[in-house]
Amino acid sequence: MDKELKILKYSDLSKLIERFRSKGFPVLAPVQKGKVIEIEPVDTLDTIALDVLLSTQSAKKAAFPKVEKVLEYTLEKAAVKQTAIDPNAYAETILFGVRPCDASGFKSLDAIFGEAPSDAFYLNKKEKTTIISFSCPTADDYCFCTSVGGGPGYTAGSDIQFTAISKDELLVEILTEKGKKLSGLFNDLLTDASPSIDKEKFLADVKVVFDLDKVISNTTAAFNSAELWLDQSLRCIGCGACAFVCPTCACFDFQDEQNTKKGVRLRLWDSCGFSLFTLHTSGHNPREVQSQRWRQRIMHKFSYMPEQLKVLGCEGCGRCSRACPVDMNIKEHLTSIALQ
Amino acid sequence: MNELINKVTKLLNDKTIDAFIGYGQGSTDRVRAIFARTVEQASKLIYTPACTFNLSGYLLKHEVKHLGKLGILANVAALRSIMQLASEFQIKDGEVYILFVNDDASLTEFSDFQSIEAFLEKANIDITPDEKARIEKIEAMSVSERWEFWNKEFEKCIKCYACRAACPMCYCHRCTTDVNQPQWIPVASHERGNLDYHLMRAMHLAGRCINCGECANACPMDIPLNLLTYQLIDPIKTGFGATAGMKADAVYALSTFKPDDKENFII
Amino acid sequence: MEQQNIYQPYLMEIEKITEEAPMVKTFRLKFTNEEEANNFSFRTGQFGEYSVFGEGEVTFCVASPHTRKGYIECTFRQVGRVTSELASLQEGDTIGFRGPYGNIFPIDEWKGKNLLFIAGGIALPPMRSVIWTCLDLRDQFKDITILYGARSVDDLVYKHELEEWKNRPDVNLVLTVDPGGETPGWKGEVGFVPTILDKIKPVSENTIAIVCGPPVMIKFSFPVLEKYGFTDEQVYTTLENRMKCGLGKCGRCNVGKVFVCKDGPVFTRTQLKQLPDEY
């Protein structure tokens, strides 16, 4: 659909949350908890951290939670009885106050989970989630969205996007049918926006730091450059922080948990950075050392995914670098790859 | 800084070492570990007040070990880690070239473990006043309040294992949490999985943790994990007279029976 | 829109257990649900995820041929968590099965050709499926040679079937065991598979070679095939990376731009050469 431009008074923003909640829609939004900003269910606007740069974790957990039941069963004598989990049992949810990179991060997940045979656990949650993003008035040194095709006012993936255009007013871009439907709940609070509003003026200035085409072609070509990957990853300690905060990382594990009568099969986040990820039972490990696992992370996002799924595995949010305990800075590494 | 660079340059040139683990400029306001294998890389070494983290964990990283003979810039925490690792047979005397920057910016090189032990008698690692206040608050809690406090902290855990990866003492090739026959610790990052993992890790660090705080620094979810292990230092000291990371030939208190061990834990 | 849970396994009953070798067993599995049984079909080369509820899933190829309907078989060695639990199960017990997944051996394209099967150790099971499929369609192929090696005589799996193949006039079976693995009465070859492959001087003309075994066996068998004139298009193998979902989503078996589970597990050597060495 053609996007619609509206104005909302900042003072009316709290009414939106009230109305969503009174309709019974869960609202997920960033909440400041100590030094960490979590995306959590909220009831009122004042609990939402709207002024923060970014939440610590990405918004992916709204559709791809860290722990999720995919099977339930009971054990009766020698027989097993399965209870199918209804992947469709998920309430219409509103993801509110996230950043454009969070919204667009779902593109990669859509591609992975949507490829046939599609994963209904993810797809249903995603389909039932309406995303209201807030464009970015500020950025930091870790941000590089503009280098990977996004930007502080990027709208792909968002159903509605808000941009603060003054102390009192928000520009409202209604971008999708889903967004249009949801806006029905607060149409009365909206006024028409002048088409001459220059949204760009209110956005952070995020400089393009590398040539994406170069990164893609050089990454592909650099597979056998063992020195490059070793140089970049000597300080990498092989934890999963980067993958777990990433909006596009989708690798997962299954684990069973049960008592004597019943059990569940859980789907859990996993990471290619862990040495156990690829370890065969025989003891053979196809990716034996950390530099190979680091290479996999970069290759998957910048070479394999663009080729397999026609989508990049990175939104340039920089969360991995902020979360990294040993300062692996992906923007810096990609810049050096682009200059190879 | 120049003294450090000159020294490392010399060590690399005369082949005393093949690589030096030190600090370099990181992203914006951060410093990071660098691995100087050439004179050019050595020129990037820095030593600033921000260079506080413990580099000793890298001494056991497979690919770092493969660089050849290693030198390291060790702070007090790293020296203590090295002593503890030595007592656990992970590092041999003379295997690593160890440098220390004194308060007056001069360098001390430790020729052997004995000299480190002598030095450590005078050095100390303490937690920050802020951490001290938090510990006092935790210790003033009732058992059930403490249980609630830690469960609330562990709720944030996403099981990225950054704490384990950052800890110089977590060098096991197969951590208990990764053992699946039997599956001691639930893999999932849910309430029990998180609790079991952190309690297991804390127990395995009792009497081994030298309080460098890297676990808490590493945590992307800001869980004060060092406070948990910190609280286990004192019981080991009063119970067994042992402090981790002071002696290269120390025996591990919790795996060594002595006839005069206190048995006051037996009810 | 009603959507399926793609991770929900079929329930299968263990109909028959055969002890193949120390720690190696074959399960014959049949569907507990008749409708599922009727709708199920697979082609040789494909694999599945077998569940022991409470322990998890494990990946094996289907070891029975697609020419035989009504059941599937899997052969496994007791090594890890799930296989240890599997090994403790009895006939009549229930396990889960998801599949069939992955691509197939293009046996239709092999009509009128000689087939050379080269297998080592516990890698005979994936090969057994395609061997029996081809034997069930015997008149479509020319000479069939099977070279199979294991660490010791004890470790050879499918001993009854090896006996059967040995006695068939239309199969040339060569068995070998690693040096030191022979028994006093052993009549087969002694030596590693690549060595024996060289010894039997395979004819490459109009022949397809299918290689499956431990990575080191594969690595050393390829140059021997090359020596006898096999082109990369004439050589097939099936890879087994660690897997969880089997559907190209969980990321585990990713090698270069392919997922072994989705784009494999069957690859020609031409395809293999385009992959990075991460299997």
# chains A, B, ... in the order shown; residues from 1 in each chain; ligands from 1
call {"tool": "residues_around", "arguments": {"residues": "segment 146-148 of chain B", "least_positions_apart": "4", "cutoff": "12 Å", "atoms": "only C-alpha atoms", "output": "list in words"}}
result
Arg134, Ile135, Glu136, Lys137, Ile138, Glu139, Ala140, Met141, Ser142, Lys152, Glu153, Phe154, Glu155, Glu191, Leu195, Leu199 and Leu228 of chain B
call {"tool": "write_last_selection", "arguments": {"atoms": "N, CA and C atoms", "output": "CSV table (one decimal), in the first residue's frame"}}
result
chain,number,residue,atom,x,y,z
B,134,ARG,N,27.4,-3.6,47.5
B,134,ARG,CA,26.5,-4.6,47.0
B,134,ARG,C,26.6,-5.9,47.8
B,135,ILE,N,27.9,-6.3,48.1
B,135,ILE,CA,28.1,-7.5,48.8
B,135,ILE,C,27.5,-7.4,50.2
B,136,GLU,N,27.7,-6.3,50.8
B,136,GLU,CA,27.2,-6.1,52.2
B,136,GLU,C,25.7,-6.2,52.2
B,137,LYS,N,25.1,-5.6,51.1
B,137,LYS,CA,23.6,-5.7,51.0
B,137,LYS,C,23.2,-7.1,50.9
B,138,ILE,N,23.9,-7.9,50.0
B,138,ILE,CA,23.5,-9.3,49.8
B,138,ILE,C,23.7,-10.1,51.1
B,139,GLU,N,24.8,-9.8,51.8
B,139,GLU,CA,25.0,-10.6,53.0
B,139,GLU,C,24.1,-10.3,54.1
B,140,ALA,N,23.5,-9.1,54.1
B,140,ALA,CA,22.5,-8.7,55.1
B,140,ALA,C,21.1,-9.3,54.8
B,141,MET,N,21.0,-9.9,53.6
B,141,MET,CA,19.7,-10.5,53.2
B,141,MET,C,19.4,-11.8,54.0
B,142,SER,N,18.2,-12.1,54.1
B,142,SER,CA,17.8,-13.4,54.7
B,142,SER,C,18.1,-14.5,53.5
B,152,LYS,N,16.5,-13.6,40.4
B,152,LYS,CA,16.1,-12.4,39.6
B,152,LYS,C,17.3,-12.0,38.6
B,153,GLU,N,18.5,-12.1,39.2
B,153,GLU,CA,19.6,-11.8,38.3
B,153,GLU,C,19.7,-12.9,37.2
B,154,PHE,N,19.6,-14.1,37.6
B,154,PHE,CA,19.8,-15.2,36.6
B,154,PHE,C,18.7,-15.2,35.6
B,155,GLU,N,17.5,-14.6,35.9
B,155,GLU,CA,16.4,-14.5,34.9
B,155,GLU,C,16.9,-13.8,33.7
B,191,GLU,N,14.5,-20.9,33.8
B,191,GLU,CA,14.8,-20.7,35.2
B,191,GLU,C,15.8,-21.7,35.8
B,195,LEU,N,19.9,-21.3,36.7
B,195,LEU,CA,20.3,-21.4,38.1
B,195,LEU,C,21.3,-22.5,38.2
B,199,LEU,N,25.1,-21.9,39.5
B,199,LEU,CA,25.6,-22.5,40.8
B,199,LEU,C,26.7,-23.5,40.5
B,228,LEU,N,29.1,-13.5,43.2
B,228,LEU,CA,28.7,-14.9,43.6
B,228,LEU,C,30.0,-15.6,43.9
call {"tool": "closest_atom_pairs", "arguments": {"of": "chain A", "to": "chain B", "cutoff": "9 Å", "atoms": "only C-alpha atoms", "output": "Markdown table"}}
result
| residue | atom | partner | partner_atom | distance |
| --- | --- | --- | --- | --- |
| A:Gly34 | CA | B:Asp222 | CA | 8.0 |
| A:Lys35 | CA | B:Asp222 | CA | 6.6 |
| A:Val36 | CA | B:Met221 | CA | 6.0 |
| A:Ile37 | CA | B:Met221 | CA | 8.7 |
| A:Glu38 | CA | B:Lys156 | CA | 8.8 |
| A:Thr56 | CA | B:Met221 | CA | 7.6 |
| A:Gln57 | CA | B:Met221 | CA | 8.7 |
| A:Lys66 | CA | B:Ser189 | CA | 7.0 |
| A:Val67 | CA | B:Ala188 | CA | 6.5 |
| A:Asp141 | CA | B:Thr28 | CA | 7.1 |
| A:Tyr142 | CA | B:Ser27 | CA | 8.3 |
| A:Leu230 | CA | B:Glu63 | CA | 8.2 |
| A:Asp231 | CA | B:Phe35 | CA | 8.8 |
| A:Leu234 | CA | B:Val64 | CA | 6.8 |
| A:Arg235 | CA | B:Ala33 | CA | 6.2 |
| A:Ile237 | CA | B:Ala165 | CA | 5.7 |
| A:Gly238 | CA | B:Ala165 | CA | 6.5 |
| A:Cys239 | CA | B:Ala162 | CA | 4.9 |
| A:Gly240 | CA | B:Cys160 | CA | 4.3 |
| A:Ala241 | CA | B:Cys160 | CA | 5.0 |
| A:Cys242 | CA | B:Cys160 | CA | 8.4 |
| A:Ala243 | CA | B:Cys160 | CA | 8.3 |
| A:Phe244 | CA | B:Cys160 | CA | 6.7 |
| A:Val245 | CA | B:Pro220 | CA | 8.6 |
| A:Gln255 | CA | B:Val187 | CA | 7.1 |
| A:Glu257 | CA | B:Pro186 | CA | 7.8 |
| A:Leu266 | CA | B:Ala188 | CA | 7.6 |
| A:Arg267 | CA | B:Ala188 | CA | 8.4 |
| A:Leu268 | CA | B:Ala188 | CA | 6.3 |
| A:Trp269 | CA | B:Ala188 | CA | 8.6 |
| A:Asp270 | CA | B:Cys160 | CA | 8.5 |
| A:Ser271 | CA | B:Cys160 | CA | 8.5 |
| A:Leu276 | CA | B:Asp178 | CA | 8.2 |
| A:Val289 | CA | B:Glu63 | CA | 7.1 |
| A:Gln290 | CA | B:Glu63 | CA | 7.7 |
| A:Ser291 | CA | B:Glu63 | CA | 8.3 |
| A:Ser321 | CA | B:Ser27 | CA | 8.9 |
| A:Arg322 | CA | B:Pro220 | CA | 8.4 |
| A:Ala323 | CA | B:Pro220 | CA | 5.2 |
| A:Cys324 | CA | B:Ala218 | CA | 7.4 |
| A:Pro325 | CA | B:Ala218 | CA | 4.5 |
| A:Val326 | CA | B:Arg32 | CA | 6.2 |
| A:Asp327 | CA | B:Arg32 | CA | 6.1 |
| A:Met328 | CA | B:Arg32 | CA | 8.6 |
| A:Asn329 | CA | B:Ser27 | CA | 7.0 |
| A:Glu332 | CA | B:Ser27 | CA | 8.5 |
call {"tool": "write_last_selection", "arguments": {"atoms": "C-alpha atoms", "output": "mmCIF file, in the first residue's frame"}}
result
data_model
loop_
_atom_site.group_PDB
_atom_site.id
_atom_site.type_symbol
_atom_site.label_atom_id
_atom_site.label_comp_id
_atom_site.auth_asym_id
_atom_site.auth_seq_id
_atom_site.Cartn_x
_atom_site.Cartn_y
_atom_site.Cartn_z
ATOM 1 C CA GLY A 34 19.954 -1.302 35.393
ATOM 2 C CA LYS A 35 22.497 -1.086 32.606
ATOM 3 C CA VAL A 36 20.495 -3.436 30.431
ATOM 4 C CA ILE A 37 17.581 -2.548 28.191
ATOM 5 C CA GLU A 38 15.252 -5.495 27.765
ATOM 6 C CA THR A 56 20.625 -4.672 24.626
ATOM 7 C CA GLN A 57 19.092 -7.675 22.908
ATOM 8 C CA LYS A 66 15.426 -18.122 23.523
ATOM 9 C CA VAL A 67 13.438 -21.131 24.750
ATOM 10 C CA ASP A 141 30.176 4.539 16.751
ATOM 11 C CA TYR A 142 29.017 0.932 16.594
ATOM 12 C CA LEU A 230 43.094 -15.630 12.462
ATOM 13 C CA ASP A 231 44.205 -12.011 12.699
ATOM 14 C CA LEU A 234 42.754 -14.151 17.911
ATOM 15 C CA ARG A 235 41.067 -12.296 20.739
ATOM 16 C CA ILE A 237 36.938 -16.231 23.172
ATOM 17 C CA GLY A 238 34.172 -18.262 21.561
ATOM 18 C CA CYS A 239 31.130 -17.207 23.564
ATOM 19 C CA GLY A 240 27.680 -16.704 22.088
ATOM 20 C CA ALA A 241 27.059 -13.097 23.101
ATOM 21 C CA CYS A 242 27.243 -11.773 19.518
ATOM 22 C CA ALA A 243 24.817 -14.337 18.151
ATOM 23 C CA PHE A 244 22.338 -14.030 20.987
ATOM 24 C CA VAL A 245 21.972 -10.261 20.792
ATOM 25 C CA GLN A 255 16.839 -30.359 23.782
ATOM 26 C CA GLU A 257 13.461 -32.423 29.079
ATOM 27 C CA LEU A 266 12.592 -27.341 23.419
ATOM 28 C CA ARG A 267 14.041 -25.212 20.682
ATOM 29 C CA LEU A 268 16.913 -23.061 21.991
ATOM 30 C CA TRP A 269 19.170 -20.399 20.571
ATOM 31 C CA ASP A 270 22.542 -21.696 19.508
ATOM 32 C CA SER A 271 25.639 -20.135 18.014
ATOM 33 C CA LEU A 276 30.371 -27.757 20.279
ATOM 34 C CA VAL A 289 39.411 -23.645 15.796
ATOM 35 C CA GLN A 290 37.878 -20.277 16.630
ATOM 36 C CA SER A 291 39.126 -18.538 13.486
ATOM 37 C CA SER A 321 30.194 -5.378 18.962
ATOM 38 C CA ARG A 322 28.696 -3.617 21.966
ATOM 39 C CA ALA A 323 28.012 -6.945 23.665
ATOM 40 C CA CYS A 324 31.367 -8.508 22.845
ATOM 41 C CA PRO A 325 33.423 -9.027 25.989
ATOM 42 C CA VAL A 326 36.665 -8.778 24.003
ATOM 43 C CA ASP A 327 35.796 -5.938 21.626
ATOM 44 C CA MET A 328 35.374 -7.829 18.369
ATOM 45 C CA ASN A 329 34.116 -4.929 16.289
ATOM 46 C CA GLU A 332 35.910 -2.529 11.732
#
call {"tool": "residues_around", "arguments": {"residues": "segment 76-89 of chain C", "least_positions_apart": "4", "cutoff": "8 Å", "atoms": "only C-alpha atoms", "output": "list in words"}}
result
Thr281 and Ser282 of chain A; Asn180, Gln181 and Pro182 of chain B; Met23, Val24, Lys25, Thr26, Ser51, Val52, Glu55, Gly56, Glu57, Val58, Phe60, Asp93 and Ile122 of chain C
call {"tool": "write_last_selection", "arguments": {"atoms": "N, CA and C atoms", "output": "PDB file, in the first residue's frame"}}
result
ATOM      1  N   THR A 281      29.967 -36.715  17.035  1.00  0.00           N
ATOM      2  CA  THR A 281      30.104 -37.630  18.174  1.00  0.00           C
ATOM      3  C   THR A 281      31.443 -38.358  18.124  1.00  0.00           C
ATOM      4  N   SER A 282      31.951 -38.548  16.922  1.00  0.00           N
ATOM      5  CA  SER A 282      33.227 -39.254  16.762  1.00  0.00           C
ATOM      6  C   SER A 282      34.399 -38.456  17.313  1.00  0.00           C
TER       7      SER A 282
ATOM      8  N   ASN B 180      26.643 -34.458  28.421  1.00  0.00           N
ATOM      9  CA  ASN B 180      25.244 -34.870  28.257  1.00  0.00           C
ATOM     10  C   ASN B 180      24.981 -36.344  28.573  1.00  0.00           C
ATOM     11  N   GLN B 181      25.965 -37.029  29.127  1.00  0.00           N
ATOM     12  CA  GLN B 181      25.731 -38.414  29.541  1.00  0.00           C
ATOM     13  C   GLN B 181      26.204 -38.620  30.960  1.00  0.00           C
ATOM     14  N   PRO B 182      25.469 -38.294  31.981  1.00  0.00           N
ATOM     15  CA  PRO B 182      24.117 -37.744  31.907  1.00  0.00           C
ATOM     16  C   PRO B 182      24.134 -36.225  31.709  1.00  0.00           C
TER      17      PRO B 182
ATOM     18  N   MET C  23      28.284 -53.261  19.643  1.00  0.00           N
ATOM     19  CA  MET C  23      27.712 -51.920  19.792  1.00  0.00           C
ATOM     20  C   MET C  23      26.938 -51.441  18.554  1.00  0.00           C
ATOM     21  N   VAL C  24      26.752 -52.292  17.572  1.00  0.00           N
ATOM     22  CA  VAL C  24      26.029 -51.873  16.372  1.00  0.00           C
ATOM     23  C   VAL C  24      24.748 -52.685  16.217  1.00  0.00           C
ATOM     24  N   LYS C  25      23.644 -51.963  16.043  1.00  0.00           N
ATOM     25  CA  LYS C  25      22.354 -52.636  15.907  1.00  0.00           C
ATOM     26  C   LYS C  25      21.585 -52.089  14.724  1.00  0.00           C
ATOM     27  N   THR C  26      20.710 -52.932  14.179  1.00  0.00           N
ATOM     28  CA  THR C  26      19.774 -52.471  13.161  1.00  0.00           C
ATOM     29  C   THR C  26      18.362 -52.569  13.730  1.00  0.00           C
ATOM     30  N   SER C  51      14.038 -40.061  17.087  1.00  0.00           N
ATOM     31  CA  SER C  51      13.968 -39.537  18.466  1.00  0.00           C
ATOM     32  C   SER C  51      13.833 -40.635  19.479  1.00  0.00           C
ATOM     33  N   VAL C  52      14.598 -40.489  20.550  1.00  0.00           N
ATOM     34  CA  VAL C  52      14.273 -41.201  21.774  1.00  0.00           C
ATOM     35  C   VAL C  52      13.711 -40.109  22.673  1.00  0.00           C
ATOM     36  N   GLU C  55      15.600 -37.898  25.404  1.00  0.00           N
ATOM     37  CA  GLU C  55      17.033 -37.813  25.144  1.00  0.00           C
ATOM     38  C   GLU C  55      17.338 -36.897  23.977  1.00  0.00           C
ATOM     39  N   GLY C  56      16.454 -36.931  22.962  1.00  0.00           N
ATOM     40  CA  GLY C  56      16.675 -36.073  21.812  1.00  0.00           C
ATOM     41  C   GLY C  56      16.646 -36.841  20.511  1.00  0.00           C
ATOM     42  N   GLU C  57      17.172 -36.191  19.484  1.00  0.00           N
ATOM     43  CA  GLU C  57      17.132 -36.775  18.146  1.00  0.00           C
ATOM     44  C   GLU C  57      18.539 -37.095  17.667  1.00  0.00           C
ATOM     45  N   VAL C  58      18.602 -38.026  16.734  1.00  0.00           N
ATOM     46  CA  VAL C  58      19.887 -38.405  16.167  1.00  0.00           C
ATOM     47  C   VAL C  58      19.674 -38.648  14.678  1.00  0.00           C
ATOM     48  N   PHE C  60      20.378 -40.461  11.170  1.00  0.00           N
ATOM     49  CA  PHE C  60      20.934 -41.575  10.381  1.00  0.00           C
ATOM     50  C   PHE C  60      20.245 -41.587   9.036  1.00  0.00           C
ATOM     51  N   ASP C  93       9.022 -51.271  21.498  1.00  0.00           N
ATOM     52  CA  ASP C  93       9.120 -49.896  22.015  1.00  0.00           C
ATOM     53  C   ASP C  93       8.849 -48.888  20.894  1.00  0.00           C
ATOM     54  N   ILE C 122      31.190 -48.097   9.825  1.00  0.00           N
ATOM     55  CA  ILE C 122      29.782 -47.897  10.091  1.00  0.00           C
ATOM     56  C   ILE C 122      29.122 -47.112   8.949  1.00  0.00           C
TER      57      ILE C 122
END
call {"tool": "residues_around", "arguments": {"residues": "Phe20 of chain B", "least_positions_apart": "4", "cutoff": "7 Å", "atoms": "only C-alpha atoms", "output": "number ranges by chain"}}
result
B: 35-37, 70-72
call {"tool": "closest_residue", "arguments": {"among": "C:Pro202, C:Pro9, C:Gly120, C:Gly251", "to": "chain A", "atoms": "only C-alpha atoms"}}
result
C:Gly251
